[in-house]
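Novice: Take this structure, written in structure tokens, and hold onto it; I'll ask about it next.
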Amino acid sequence: MRKFKIPNMGALLAFEASARHESFTHAAKELFLTESAISRQIATLESNLGVRLFVRAKQRVVLTRAGRLYSTQVRRALENLDRDTLSIIAHGSGGGYLELAVLPTFASQWLIPRLKDFNDRTPDVRINMGVRTDTFSFEESHFEAAIHYGKPTWPGTSSDYLFGEEVVPICSPSLLSKPIKKPHELLAYPLLHSTTRPDAWTRWLSDLGVEDNSTMQGVRYELHTMLISAAAAGLGVALVPKFFVEGQLKQLGLIIPFEAATVADSAYYLVYPTELSHGKPLELFRTWLLEQASAYKAPKP
């Protein structure tokens, strides 16, 4: 049972707008209220909290340290409430929004280029995307589904296999002093690593019969877009999913110095809390995504 009274929504909205503008006048215009109404809301809020949120200075107001901290917390809470409200509305209709956590390079290189087809087929549903590169708690986030790379071992969720991936080394042609004829020759150059797949080089070279302690050495980048840019800049050789660069090597100023057909043992999955699996936006997106994945991994004629 709560031992204190949560401020009313009107006061919180007045405070958030006033804090963002550091102006009661601008907050009043945004919320279609009078300046005196905003001032009263703030005064009541400060009285209830027992904390001064603004310092009045002539024609303007300035946030106190406590006010600045509280404004950040209130803004985040209002944004979460807005997203949660849109999400719950979506569960009751054929339309709405799906909050999807994505891997950034996967989204930009594979998912988003195909998304117009989904929008054309399902005009009442839109996909909001946010970045998550590791597993997370759905209960503690606003996300309703995620594109996950790894194994389908995410507690409390259901998952659908999308496809695996072939990884290839890439680099700037200016980096190489001579053509690469065997995989171990790549160790003569700096290896660029992904922080989310730290053992990718070790696994790839091991599959090709190369065992060497130096495979873990080299700088690390969190995003594959960074790896691709670093390789193009001549900083070293990166190991990336082939479909991230397929058809763009010349445009990016990259080459594949050594071709080898190796497929990672992990894969891409659509993951979602089991209890949300019947929500209409998720159901429609899931059907479409599985169709797209099936078409992508089908043998090309």
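Please note that chains go A, B, ... in the order of the structure tokens, that every chain numbers its residues from 1, and that ligands are numbered from 1 in the order shown.
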Please identify which residues in stretch 91-162 of chain A DSSP calls strand (DSSP E or B) from the backbone, and express them as a PDB file with all heavy atoms, in the first residue's frame.
Specialist:
```pdb
ATOM      1  N   GLY A  96      -2.421  -0.800 -34.862  1.00  0.00           N
ATOM      2  CA  GLY A  96      -1.600  -0.350 -33.752  1.00  0.00           C
ATOM      3  C   GLY A  96      -0.126  -0.418 -34.075  1.00  0.00           C
ATOM      4  O   GLY A  96       0.290  -0.390 -35.232  1.00  0.00           O
ATOM      5  N   TYR A  97       0.674  -0.514 -33.009  1.00  0.00           N
ATOM      6  CA  TYR A  97       2.117  -0.526 -33.131  1.00  0.00           C
ATOM      7  C   TYR A  97       2.696  -1.778 -32.478  1.00  0.00           C
ATOM      8  O   TYR A  97       2.137  -2.309 -31.521  1.00  0.00           O
ATOM      9  CB  TYR A  97       2.709   0.705 -32.438  1.00  0.00           C
ATOM     10  CG  TYR A  97       2.377   2.001 -33.110  1.00  0.00           C
ATOM     11  CD1 TYR A  97       1.187   2.675 -32.814  1.00  0.00           C
ATOM     12  CD2 TYR A  97       3.232   2.560 -34.047  1.00  0.00           C
ATOM     13  CE1 TYR A  97       0.875   3.873 -33.432  1.00  0.00           C
ATOM     14  CE2 TYR A  97       2.925   3.765 -34.674  1.00  0.00           C
ATOM     15  CZ  TYR A  97       1.752   4.417 -34.363  1.00  0.00           C
ATOM     16  OH  TYR A  97       1.441   5.593 -34.977  1.00  0.00           O
ATOM     17  N   LEU A  98       3.827  -2.225 -33.017  1.00  0.00           N
ATOM     18  CA  LEU A  98       4.592  -3.295 -32.388  1.00  0.00           C
ATOM     19  C   LEU A  98       5.925  -2.713 -31.978  1.00  0.00           C
ATOM     20  O   LEU A  98       6.635  -2.118 -32.794  1.00  0.00           O
ATOM     21  CB  LEU A  98       4.805  -4.456 -33.363  1.00  0.00           C
ATOM     22  CG  LEU A  98       5.710  -5.587 -32.844  1.00  0.00           C
ATOM     23  CD1 LEU A  98       5.019  -6.340 -31.709  1.00  0.00           C
ATOM     24  CD2 LEU A  98       6.078  -6.552 -33.965  1.00  0.00           C
ATOM     25  N   GLU A  99       6.284  -2.872 -30.710  1.00  0.00           N
ATOM     26  CA  GLU A  99       7.570  -2.390 -30.200  1.00  0.00           C
ATOM     27  C   GLU A  99       8.586  -3.519 -30.361  1.00  0.00           C
ATOM     28  O   GLU A  99       8.510  -4.537 -29.671  1.00  0.00           O
ATOM     29  CB  GLU A  99       7.442  -1.972 -28.736  1.00  0.00           C
ATOM     30  CG  GLU A  99       6.457  -0.829 -28.492  1.00  0.00           C
ATOM     31  CD  GLU A  99       6.933   0.493 -29.064  1.00  0.00           C
ATOM     32  OE1 GLU A  99       8.152   0.630 -29.307  1.00  0.00           O
ATOM     33  OE2 GLU A  99       6.088   1.384 -29.266  1.00  0.00           O
ATOM     34  N   LEU A 100       9.531  -3.333 -31.276  1.00  0.00           N
ATOM     35  CA  LEU A 100      10.469  -4.387 -31.651  1.00  0.00           C
ATOM     36  C   LEU A 100      11.900  -3.983 -31.320  1.00  0.00           C
ATOM     37  O   LEU A 100      12.365  -2.917 -31.729  1.00  0.00           O
ATOM     38  CB  LEU A 100      10.349  -4.662 -33.153  1.00  0.00           C
ATOM     39  CG  LEU A 100      11.264  -5.743 -33.745  1.00  0.00           C
ATOM     40  CD1 LEU A 100      10.847  -7.127 -33.243  1.00  0.00           C
ATOM     41  CD2 LEU A 100      11.226  -5.688 -35.274  1.00  0.00           C
ATOM     42  N   ALA A 101      12.598  -4.846 -30.591  1.00  0.00           N
ATOM     43  CA  ALA A 101      14.025  -4.649 -30.331  1.00  0.00           C
ATOM     44  C   ALA A 101      14.807  -5.294 -31.467  1.00  0.00           C
ATOM     45  O   ALA A 101      14.530  -6.438 -31.833  1.00  0.00           O
ATOM     46  CB  ALA A 101      14.417  -5.271 -28.991  1.00  0.00           C
ATOM     47  N   VAL A 102      15.764  -4.571 -32.019  1.00  0.00           N
ATOM     48  CA  VAL A 102      16.489  -5.081 -33.176  1.00  0.00           C
ATOM     49  C   VAL A 102      17.998  -4.977 -32.984  1.00  0.00           C
ATOM     50  O   VAL A 102      18.487  -4.202 -32.174  1.00  0.00           O
ATOM     51  CB  VAL A 102      16.106  -4.311 -34.469  1.00  0.00           C
ATOM     52  CG1 VAL A 102      14.645  -4.516 -34.814  1.00  0.00           C
ATOM     53  CG2 VAL A 102      16.430  -2.821 -34.333  1.00  0.00           C
ATOM     54  N   VAL A 125      -0.825  -1.365 -39.145  1.00  0.00           N
ATOM     55  CA  VAL A 125       0.179  -1.732 -38.143  1.00  0.00           C
ATOM     56  C   VAL A 125       1.519  -1.112 -38.518  1.00  0.00           C
ATOM     57  O   VAL A 125       1.933  -1.174 -39.677  1.00  0.00           O
ATOM     58  CB  VAL A 125       0.335  -3.271 -38.043  1.00  0.00           C
ATOM     59  CG1 VAL A 125       1.450  -3.632 -37.060  1.00  0.00           C
ATOM     60  CG2 VAL A 125      -0.975  -3.905 -37.602  1.00  0.00           C
ATOM     61  N   ARG A 126       2.186  -0.512 -37.548  1.00  0.00           N
ATOM     62  CA  ARG A 126       3.510   0.040 -37.761  1.00  0.00           C
ATOM     63  C   ARG A 126       4.479  -0.537 -36.742  1.00  0.00           C
ATOM     64  O   ARG A 126       4.085  -0.883 -35.624  1.00  0.00           O
ATOM     65  CB  ARG A 126       3.492   1.570 -37.668  1.00  0.00           C
ATOM     66  CG  ARG A 126       2.817   2.225 -38.873  1.00  0.00           C
ATOM     67  CD  ARG A 126       3.586   1.969 -40.152  1.00  0.00           C
ATOM     68  NE  ARG A 126       2.946   2.531 -41.345  1.00  0.00           N
ATOM     69  CZ  ARG A 126       2.178   1.860 -42.152  1.00  0.00           C
ATOM     70  NH1 ARG A 126       1.906   0.572 -41.911  1.00  0.00           N
ATOM     71  NH2 ARG A 126       1.657   2.423 -43.224  1.00  0.00           N
ATOM     72  N   ILE A 127       5.748  -0.626 -37.156  1.00  0.00           N
ATOM     73  CA  ILE A 127       6.770  -1.232 -36.304  1.00  0.00           C
ATOM     74  C   ILE A 127       7.678  -0.148 -35.749  1.00  0.00           C
ATOM     75  O   ILE A 127       8.363   0.556 -36.501  1.00  0.00           O
ATOM     76  CB  ILE A 127       7.626  -2.251 -37.105  1.00  0.00           C
ATOM     77  CG1 ILE A 127       6.724  -3.231 -37.865  1.00  0.00           C
ATOM     78  CG2 ILE A 127       8.563  -2.994 -36.165  1.00  0.00           C
ATOM     79  CD1 ILE A 127       5.793  -4.038 -37.003  1.00  0.00           C
ATOM     80  N   ASN A 128       7.678   0.007 -34.439  1.00  0.00           N
ATOM     81  CA  ASN A 128       8.638   0.889 -33.768  1.00  0.00           C
ATOM     82  C   ASN A 128       9.868   0.066 -33.414  1.00  0.00           C
ATOM     83  O   ASN A 128       9.738  -1.040 -32.883  1.00  0.00           O
ATOM     84  CB  ASN A 128       8.039   1.486 -32.497  1.00  0.00           C
ATOM     85  CG  ASN A 128       6.918   2.460 -32.787  1.00  0.00           C
ATOM     86  OD1 ASN A 128       6.914   3.118 -33.831  1.00  0.00           O
ATOM     87  ND2 ASN A 128       5.967   2.570 -31.875  1.00  0.00           N
ATOM     88  N   MET A 129      11.054   0.598 -33.682  1.00  0.00           N
ATOM     89  CA  MET A 129      12.277  -0.173 -33.450  1.00  0.00           C
ATOM     90  C   MET A 129      13.200   0.538 -32.471  1.00  0.00           C
ATOM     91  O   MET A 129      13.365   1.756 -32.521  1.00  0.00           O
ATOM     92  CB  MET A 129      13.037  -0.403 -34.764  1.00  0.00           C
ATOM     93  CG  MET A 129      12.301  -1.234 -35.774  1.00  0.00           C
ATOM     94  SD  MET A 129      13.335  -1.591 -37.215  1.00  0.00           S
ATOM     95  CE  MET A 129      12.070  -2.139 -38.368  1.00  0.00           C
ATOM     96  N   GLY A 130      13.795  -0.255 -31.608  1.00  0.00           N
ATOM     97  CA  GLY A 130      14.832   0.225 -30.706  1.00  0.00           C
ATOM     98  C   GLY A 130      15.953  -0.796 -30.678  1.00  0.00           C
ATOM     99  O   GLY A 130      15.738  -1.973 -30.980  1.00  0.00           O
ATOM    100  N   VAL A 131      17.140  -0.354 -30.328  1.00  0.00           N
ATOM    101  CA  VAL A 131      18.308  -1.232 -30.397  1.00  0.00           C
ATOM    102  C   VAL A 131      18.534  -1.985 -29.085  1.00  0.00           C
ATOM    103  O   VAL A 131      18.517  -1.392 -28.003  1.00  0.00           O
ATOM    104  CB  VAL A 131      19.573  -0.420 -30.737  1.00  0.00           C
ATOM    105  CG1 VAL A 131      20.826  -1.280 -30.609  1.00  0.00           C
ATOM    106  CG2 VAL A 131      19.471   0.136 -32.147  1.00  0.00           C
ATOM    107  N   ALA A 145       8.705  -7.757 -28.687  1.00  0.00           N
ATOM    108  CA  ALA A 145       9.377  -8.807 -29.447  1.00  0.00           C
ATOM    109  C   ALA A 145      10.794  -8.325 -29.736  1.00  0.00           C
ATOM    110  O   ALA A 145      11.116  -7.150 -29.577  1.00  0.00           O
ATOM    111  CB  ALA A 145       8.632  -9.107 -30.752  1.00  0.00           C
ATOM    112  N   ALA A 146      11.652  -9.264 -30.166  1.00  0.00           N
ATOM    113  CA  ALA A 146      13.041  -8.908 -30.461  1.00  0.00           C
ATOM    114  C   ALA A 146      13.577  -9.789 -31.574  1.00  0.00           C
ATOM    115  O   ALA A 146      13.174 -10.946 -31.717  1.00  0.00           O
ATOM    116  CB  ALA A 146      13.909  -9.065 -29.211  1.00  0.00           C
ATOM    117  N   ILE A 147      14.466  -9.227 -32.376  1.00  0.00           N
ATOM    118  CA  ILE A 147      15.263 -10.020 -33.311  1.00  0.00           C
ATOM    119  C   ILE A 147      16.548 -10.365 -32.575  1.00  0.00           C
ATOM    120  O   ILE A 147      17.289  -9.481 -32.149  1.00  0.00           O
ATOM    121  CB  ILE A 147      15.594  -9.242 -34.596  1.00  0.00           C
ATOM    122  CG1 ILE A 147      14.312  -8.771 -35.292  1.00  0.00           C
ATOM    123  CG2 ILE A 147      16.443 -10.100 -35.521  1.00  0.00           C
ATOM    124  CD1 ILE A 147      13.473  -9.873 -35.888  1.00  0.00           C
ATOM    125  N   HIS A 148      16.790 -11.644 -32.406  1.00  0.00           N
ATOM    126  CA  HIS A 148      17.903 -12.113 -31.563  1.00  0.00           C
ATOM    127  C   HIS A 148      18.853 -12.972 -32.380  1.00  0.00           C
ATOM    128  O   HIS A 148      18.417 -13.789 -33.203  1.00  0.00           O
ATOM    129  CB  HIS A 148      17.322 -12.927 -30.408  1.00  0.00           C
ATOM    130  CG  HIS A 148      18.329 -13.670 -29.599  1.00  0.00           C
ATOM    131  ND1 HIS A 148      19.344 -13.048 -28.904  1.00  0.00           N
ATOM    132  CD2 HIS A 148      18.467 -15.002 -29.351  1.00  0.00           C
ATOM    133  CE1 HIS A 148      20.066 -13.961 -28.280  1.00  0.00           C
ATOM    134  NE2 HIS A 148      19.560 -15.145 -28.540  1.00  0.00           N
ATOM    135  N   TYR A 149      20.153 -12.761 -32.169  1.00  0.00           N
ATOM    136  CA  TYR A 149      21.142 -13.634 -32.796  1.00  0.00           C
ATOM    137  C   TYR A 149      21.794 -14.473 -31.708  1.00  0.00           C
ATOM    138  O   TYR A 149      22.264 -13.950 -30.697  1.00  0.00           O
ATOM    139  CB  TYR A 149      22.221 -12.828 -33.518  1.00  0.00           C
ATOM    140  CG  TYR A 149      23.284 -13.719 -34.148  1.00  0.00           C
ATOM    141  CD1 TYR A 149      23.046 -14.352 -35.361  1.00  0.00           C
ATOM    142  CD2 TYR A 149      24.480 -13.976 -33.487  1.00  0.00           C
ATOM    143  CE1 TYR A 149      23.987 -15.195 -35.923  1.00  0.00           C
ATOM    144  CE2 TYR A 149      25.437 -14.816 -34.053  1.00  0.00           C
ATOM    145  CZ  TYR A 149      25.186 -15.417 -35.264  1.00  0.00           C
ATOM    146  OH  TYR A 149      26.120 -16.260 -35.810  1.00  0.00           O
ATOM    147  N   GLY A 150      21.799 -15.775 -31.899  1.00  0.00           N
ATOM    148  CA  GLY A 150      22.400 -16.671 -30.916  1.00  0.00           C
ATOM    149  C   GLY A 150      21.682 -17.999 -30.915  1.00  0.00           C
ATOM    150  O   GLY A 150      21.409 -18.586 -31.959  1.00  0.00           O
ATOM    151  N   THR A 157      10.113 -17.100 -23.034  1.00  0.00           N
ATOM    152  CA  THR A 157       9.742 -16.624 -24.368  1.00  0.00           C
ATOM    153  C   THR A 157       9.483 -17.780 -25.328  1.00  0.00           C
ATOM    154  O   THR A 157       9.863 -18.917 -25.075  1.00  0.00           O
ATOM    155  CB  THR A 157      10.857 -15.757 -24.988  1.00  0.00           C
ATOM    156  OG1 THR A 157      12.003 -16.581 -25.268  1.00  0.00           O
ATOM    157  CG2 THR A 157      11.257 -14.622 -24.066  1.00  0.00           C
ATOM    158  N   SER A 158       8.847 -17.441 -26.427  1.00  0.00           N
ATOM    159  CA  SER A 158       8.750 -18.334 -27.571  1.00  0.00           C
ATOM    160  C   SER A 158       9.656 -17.764 -28.655  1.00  0.00           C
ATOM    161  O   SER A 158       9.941 -16.558 -28.673  1.00  0.00           O
ATOM    162  CB  SER A 158       7.310 -18.400 -28.086  1.00  0.00           C
ATOM    163  OG  SER A 158       6.453 -18.932 -27.093  1.00  0.00           O
ATOM    164  N   SER A 159      10.125 -18.609 -29.557  1.00  0.00           N
ATOM    165  CA  SER A 159      11.025 -18.111 -30.603  1.00  0.00           C
ATOM    166  C   SER A 159      10.751 -18.816 -31.921  1.00  0.00           C
ATOM    167  O   SER A 159      10.317 -19.967 -31.950  1.00  0.00           O
ATOM    168  CB  SER A 159      12.487 -18.303 -30.200  1.00  0.00           C
ATOM    169  OG  SER A 159      12.790 -19.677 -30.042  1.00  0.00           O
ATOM    170  N   ASP A 160      11.006 -18.102 -32.997  1.00  0.00           N
ATOM    171  CA  ASP A 160      10.872 -18.644 -34.344  1.00  0.00           C
ATOM    172  C   ASP A 160      12.207 -18.496 -35.054  1.00  0.00           C
ATOM    173  O   ASP A 160      12.766 -17.390 -35.110  1.00  0.00           O
ATOM    174  CB  ASP A 160       9.801 -17.889 -35.136  1.00  0.00           C
ATOM    175  CG  ASP A 160       8.421 -18.051 -34.541  1.00  0.00           C
ATOM    176  OD1 ASP A 160       8.008 -19.208 -34.345  1.00  0.00           O
ATOM    177  OD2 ASP A 160       7.759 -17.033 -34.275  1.00  0.00           O
ATOM    178  N   TYR A 161      12.706 -19.593 -35.610  1.00  0.00           N
ATOM    179  CA  TYR A 161      13.951 -19.574 -36.372  1.00  0.00           C
ATOM    180  C   TYR A 161      13.746 -18.781 -37.654  1.00  0.00           C
ATOM    181  O   TYR A 161      12.770 -18.983 -38.374  1.00  0.00           O
ATOM    182  CB  TYR A 161      14.369 -21.007 -36.698  1.00  0.00           C
ATOM    183  CG  TYR A 161      15.568 -21.134 -37.621  1.00  0.00           C
ATOM    184  CD1 TYR A 161      16.863 -21.085 -37.133  1.00  0.00           C
ATOM    185  CD2 TYR A 161      15.378 -21.298 -38.999  1.00  0.00           C
ATOM    186  CE1 TYR A 161      17.957 -21.194 -37.984  1.00  0.00           C
ATOM    187  CE2 TYR A 161      16.461 -21.415 -39.856  1.00  0.00           C
ATOM    188  CZ  TYR A 161      17.751 -21.364 -39.343  1.00  0.00           C
ATOM    189  OH  TYR A 161      18.826 -21.474 -40.183  1.00  0.00           O
ATOM    190  N   LEU A 162      14.658 -17.871 -37.944  1.00  0.00           N
ATOM    191  CA  LEU A 162      14.602 -17.114 -39.192  1.00  0.00           C
ATOM    192  C   LEU A 162      15.590 -17.700 -40.202  1.00  0.00           C
ATOM    193  O   LEU A 162      15.189 -18.275 -41.188  1.00  0.00           O
ATOM    194  CB  LEU A 162      14.898 -15.636 -38.931  1.00  0.00           C
ATOM    195  CG  LEU A 162      13.919 -14.922 -37.979  1.00  0.00           C
ATOM    196  CD1 LEU A 162      14.321 -13.477 -37.772  1.00  0.00           C
ATOM    197  CD2 LEU A 162      12.483 -15.010 -38.500  1.00  0.00           C
TER     198      LEU A 162
END
```
Novice: Which residues of stretch 48-110 of chain A have any atom within 8 Å of an atom in stretch 244-264 of chain A when counting only C-alpha atoms, and what is the closest pair of atoms for each, with the distance in Å to one decimal? Order the rows by chain and rising number and write it as JSON lines.
Specialist:
```
{"residue": "A:Thr105", "atom": "CA", "partner": "A:Phe244", "partner_atom": "CA", "distance": 7.4}
{"residue": "A:Phe106", "atom": "CA", "partner": "A:Phe244", "partner_atom": "CA", "distance": 7.5}
{"residue": "A:Gln109", "atom": "CA", "partner": "A:Phe244", "partner_atom": "CA", "distance": 5.9}
{"residue": "A:Trp110", "atom": "CA", "partner": "A:Phe244", "partner_atom": "CA", "distance": 7.6}
```
Novice: Please compute the atom CA of A:Pro104-atom CA of A:Gln73 distance, one decimal, in Å.
Specialist: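 About the pair atom CA of A:Pro104 and atom CA of A:Gln73: they are 26.4 Å apart.
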Novice: List every residue of stretch 133-297 of chain A that DSSP, applied to the backbone of this structure, places in alpha helix (DSSP H), and write the result as number ranges by chain.
Specialist: A: 200-207, 224-232, 249-252, 280-297
